[in-house]
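Colleague: Here's a structure for you.
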Amino acid sequence: MFFELMAAVTSPTPDESRNRVRFDAAYEQFPLMAELALDVIDDVAERRNLDITLARGAFFEVLYTGFASIFDMDQVFPKIKVALDINYQIGLESILTDLILGMRAMNIEISEYIDDDMDILISNINNSKIPAENTFIWTSMPMSLEFEQLRRRMNIVKADKFEKTCGIKLRYEVR
């Protein structure tokens with residue numbers, strides 16, 4: 001399969017449906033996998049004297065999806081520590097735990113305790129000691145927009161922690 005993939009990358013053909021690549025969405029979910037895919041495509045395109053924009057449009061999704069599917073996020077990204085402090089609502093806390101842990105693009109650790117190394121707080125009461133951008137006050141099941149805001153904030157935290165830990169600056173801003 002590797003040889004077929006390399007043959008395809010070395011001879012891209014225009015395909016309008018494949019040229020509509022959303023790099024911002026890719027970077028939001030799996031920034032390192034997007035970097036790897038672009039690096040491979042750029043390297044092969046340069047060696048074969050191909051148009052880089054055409055090669056990226058034709059083959060980014062294939063490589064990006066492949067990298068994202070085989071890498072273990074626990075090994076790639078630093079942990080995002082989430083404090084889940086929902087008082088007297090065991091069912092809501094359980095559902096939120098399942099939803100958050102189901103985010104494949106993240107390396108998440110959930111705790112019941114609010115401590116100094118926590119990244120995100122989800123609670124049903126406001127805690128003024130926690131930065132507002134990292135606090136989510138949910139007294140009931142969050143609406144899809146609220147959950148999307150959490151996911152976006154976690155992606156920012158993930159990218160920031162990755163850049164600080166690994167010393168690698170990502171090409172595109174996740175913000």
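Every chain in the structure tokens has a letter given in the order shown (A, B, ...), and although residue numbers restart at 1 in each chain, ligands are simply numbered from 1 in the order shown.
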What parts of region 28-166 of chain A does DSSP call alpha helix (DSSP H)? I'd like the answer as an MDAnalysis selection string.
Modeller: chainID A and resid 28:29 31:47 52:70 73:76 90:101 144:166
Colleague: Neighbouring residues of region 66-80 of chain A were defined as those with any atom within 7 Å, considering only C-alpha atoms; residues of the same chain fewer than 2 positions away were excluded. Please report them as JSON, numbers by chain.
Modeller: {"A": [30, 33, 62, 63, 64, 82, 105, 106, 107, 108, 109, 119, 158, 161, 162]}
Colleague: Tell me which protein, DNA and RNA residues are within 8 Å of Asp42 (chain A), counting only C-alpha atoms, leaving out same-chain ones fewer than 4 positions away, and put them as a list in words.
Modeller: Leu38, Glu46, Ile52, Ala55 and Arg56 of chain A
Colleague: Skipping near chain neighbours, those fewer than 4 positions away, what residues fall within 8 Å of Ile120 (chain A) using only C-alpha atoms, listed as a short mmCIF file (atom, residue, chain, number, x, y, z; two decimals) with N, CA and C atoms, in the first residue's frame?
Modeller:
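Below is the file part.cif, written as the result:
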data_model
loop_
_atom_site.label_atom_id
_atom_site.label_comp_id
_atom_site.auth_asym_id
_atom_site.auth_seq_id
_atom_site.Cartn_x
_atom_site.Cartn_y
_atom_site.Cartn_z
N ILE A 80 -4.43 16.88 28.86
CA ILE A 80 -5.24 18.03 29.24
C ILE A 80 -5.99 17.59 30.49
N LYS A 81 -5.76 18.29 31.59
CA LYS A 81 -6.40 17.93 32.85
C LYS A 81 -7.69 18.71 33.00
N VAL A 82 -8.79 17.96 33.10
CA VAL A 82 -10.12 18.55 33.21
C VAL A 82 -10.67 18.22 34.59
N ALA A 83 -11.04 19.26 35.33
CA ALA A 83 -11.72 19.05 36.61
C ALA A 83 -13.21 19.11 36.35
N ASN A 134 -11.09 29.24 30.65
CA ASN A 134 -10.94 27.81 30.91
C ASN A 134 -12.02 27.26 31.83
N THR A 135 -13.05 28.05 32.08
CA THR A 135 -14.12 27.64 32.97
C THR A 135 -15.43 27.52 32.20
N PHE A 136 -16.12 26.43 32.42
CA PHE A 136 -17.41 26.19 31.78
C PHE A 136 -18.42 25.90 32.88
N MET A 154 -10.37 23.28 24.32
CA MET A 154 -9.47 22.16 24.58
C MET A 154 -8.44 22.04 23.45
#
Colleague: Identify, on the basis of only C-alpha atoms, every residue whose closest approach to region 39-41 of chain A does not exceed 8 Å; exclude the query and any residue fewer than 2 positions from it along the same chain; express the result as a list in words.
Modeller: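 In the requested format, the answer is Val9, Glu35, Leu36, Ala37, Asp43, Val44, Ala45, Ile52, Ala55, Arg56, Phe59 and Phe60 of chain A.
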Colleague: Could you write out the selected residues, including all heavy atoms, as a CSV table (one decimal), in the first residue's frame?
Modeller:
chain,number,residue,atom,x,y,z
A,9,VAL,N,1.1,10.2,-4.8
A,9,VAL,CA,1.6,11.5,-4.4
A,9,VAL,C,2.5,12.0,-5.4
A,9,VAL,O,2.6,13.3,-5.6
A,9,VAL,CB,2.2,11.4,-3.0
A,9,VAL,CG1,2.9,12.7,-2.6
A,9,VAL,CG2,1.2,11.0,-1.9
A,35,GLU,N,0.7,18.7,10.3
A,35,GLU,CA,2.1,19.1,10.0
A,35,GLU,C,2.8,17.9,9.3
A,35,GLU,O,3.5,18.2,8.3
A,35,GLU,CB,2.8,19.4,11.3
A,35,GLU,CG,2.4,20.6,12.0
A,35,GLU,CD,3.0,21.9,11.3
A,35,GLU,OE1,4.1,21.8,10.7
A,35,GLU,OE2,2.4,22.9,11.4
A,36,LEU,N,2.6,16.7,9.8
A,36,LEU,CA,3.3,15.6,9.1
A,36,LEU,C,2.9,15.4,7.7
A,36,LEU,O,3.7,15.2,6.8
A,36,LEU,CB,3.1,14.3,9.9
A,36,LEU,CG,3.7,14.2,11.3
A,36,LEU,CD1,3.2,12.9,12.0
A,36,LEU,CD2,5.2,14.1,11.1
A,37,ALA,N,1.6,15.5,7.5
A,37,ALA,CA,1.0,15.3,6.1
A,37,ALA,C,1.6,16.3,5.2
A,37,ALA,O,2.1,16.0,4.1
A,37,ALA,CB,-0.5,15.3,6.1
A,43,ASP,N,7.8,17.7,0.7
A,43,ASP,CA,9.0,17.1,0.4
A,43,ASP,C,9.0,16.3,-0.9
A,43,ASP,O,9.9,16.5,-1.8
A,43,ASP,CB,9.5,16.1,1.6
A,43,ASP,CG,10.8,15.6,1.3
A,43,ASP,OD1,11.8,16.4,1.1
A,43,ASP,OD2,11.0,14.3,1.4
A,44,VAL,N,7.9,15.5,-1.1
A,44,VAL,CA,7.8,14.8,-2.3
A,44,VAL,C,7.6,15.7,-3.5
A,44,VAL,O,8.2,15.5,-4.6
A,44,VAL,CB,6.7,13.7,-2.2
A,44,VAL,CG1,6.4,13.1,-3.6
A,44,VAL,CG2,7.0,12.7,-1.2
A,45,ALA,N,6.7,16.7,-3.3
A,45,ALA,CA,6.5,17.7,-4.4
A,45,ALA,C,7.7,18.4,-4.8
A,45,ALA,O,8.0,18.6,-6.0
A,45,ALA,CB,5.4,18.7,-4.0
A,52,ILE,N,3.2,22.5,-5.5
A,52,ILE,CA,2.9,22.1,-4.1
A,52,ILE,C,1.4,22.3,-3.8
A,52,ILE,O,0.8,21.5,-3.1
A,52,ILE,CB,3.8,23.0,-3.2
A,52,ILE,CG1,5.2,22.5,-3.3
A,52,ILE,CG2,3.3,22.9,-1.7
A,52,ILE,CD1,6.2,23.3,-2.4
A,55,ALA,N,-0.4,19.4,-5.2
A,55,ALA,CA,-0.1,18.1,-4.4
A,55,ALA,C,-0.8,18.2,-3.1
A,55,ALA,O,-1.4,17.1,-2.6
A,55,ALA,CB,1.4,18.0,-4.3
A,56,ARG,N,-0.8,19.3,-2.4
A,56,ARG,CA,-1.5,19.4,-1.1
A,56,ARG,C,-3.0,19.2,-1.3
A,56,ARG,O,-3.6,18.4,-0.5
A,56,ARG,CB,-1.3,20.8,-0.5
A,56,ARG,CG,0.1,21.0,0.1
A,56,ARG,CD,0.2,22.3,0.7
A,56,ARG,NE,1.5,22.5,1.4
A,56,ARG,CZ,1.8,23.6,2.1
A,56,ARG,NH1,0.9,24.6,2.2
A,56,ARG,NH2,2.9,23.7,2.7
A,59,PHE,N,-3.6,15.3,-2.1
A,59,PHE,CA,-3.3,14.2,-1.2
A,59,PHE,C,-3.2,14.5,0.3
A,59,PHE,O,-2.9,13.6,1.1
A,59,PHE,CB,-1.9,13.7,-1.6
A,59,PHE,CG,-1.9,13.2,-3.1
A,59,PHE,CD1,-1.3,14.0,-4.1
A,59,PHE,CD2,-2.6,12.1,-3.4
A,59,PHE,CE1,-1.4,13.6,-5.4
A,59,PHE,CE2,-2.7,11.7,-4.7
A,59,PHE,CZ,-2.1,12.4,-5.7
A,60,PHE,N,-3.6,15.7,0.7
A,60,PHE,CA,-3.6,16.0,2.1
A,60,PHE,C,-4.5,15.1,2.9
A,60,PHE,O,-4.1,14.5,3.9
A,60,PHE,CB,-3.9,17.5,2.4
A,60,PHE,CG,-3.9,17.8,3.8
A,60,PHE,CD1,-2.8,18.0,4.5
A,60,PHE,CD2,-5.1,17.9,4.5
A,60,PHE,CE1,-2.8,18.3,5.9
A,60,PHE,CE2,-5.2,18.2,5.8
A,60,PHE,CZ,-4.0,18.4,6.5
Colleague: Hey, what's within 12 Å of Leu150 (chain A) if we count only C-alpha atoms and toss same-chain stuff fewer than 2 positions away? As a list in words, please?
Modeller: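 Counting only the stated atoms, we get Val82, Leu96, Leu99, Ile100, Met103, Asp119, Ile120, Leu121, Ile122, Glu133, Asn134, Thr135, Phe136, Ile137, Trp138, Pro142, Met143, Ser144, Leu145, Glu146, Phe147, Glu148, Arg152, Arg153, Met154, Asn155, Ile156 and Val157 of chain A.
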Colleague: So how many Å separate CA of Asp116 (chain A) and CA of Pro131 (chain A), to one decimal?
Modeller: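 Computing it gives 11.8 Å between the two atoms.
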Colleague: Can you tell me how far CA of Ile86 (chain A) sits from CA of Ser123 (chain A), in Å to one decimal?
Modeller: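 Computed distance, CA of Ile86 (chain A) to CA of Ser123 (chain A), equals 5.0 Å.
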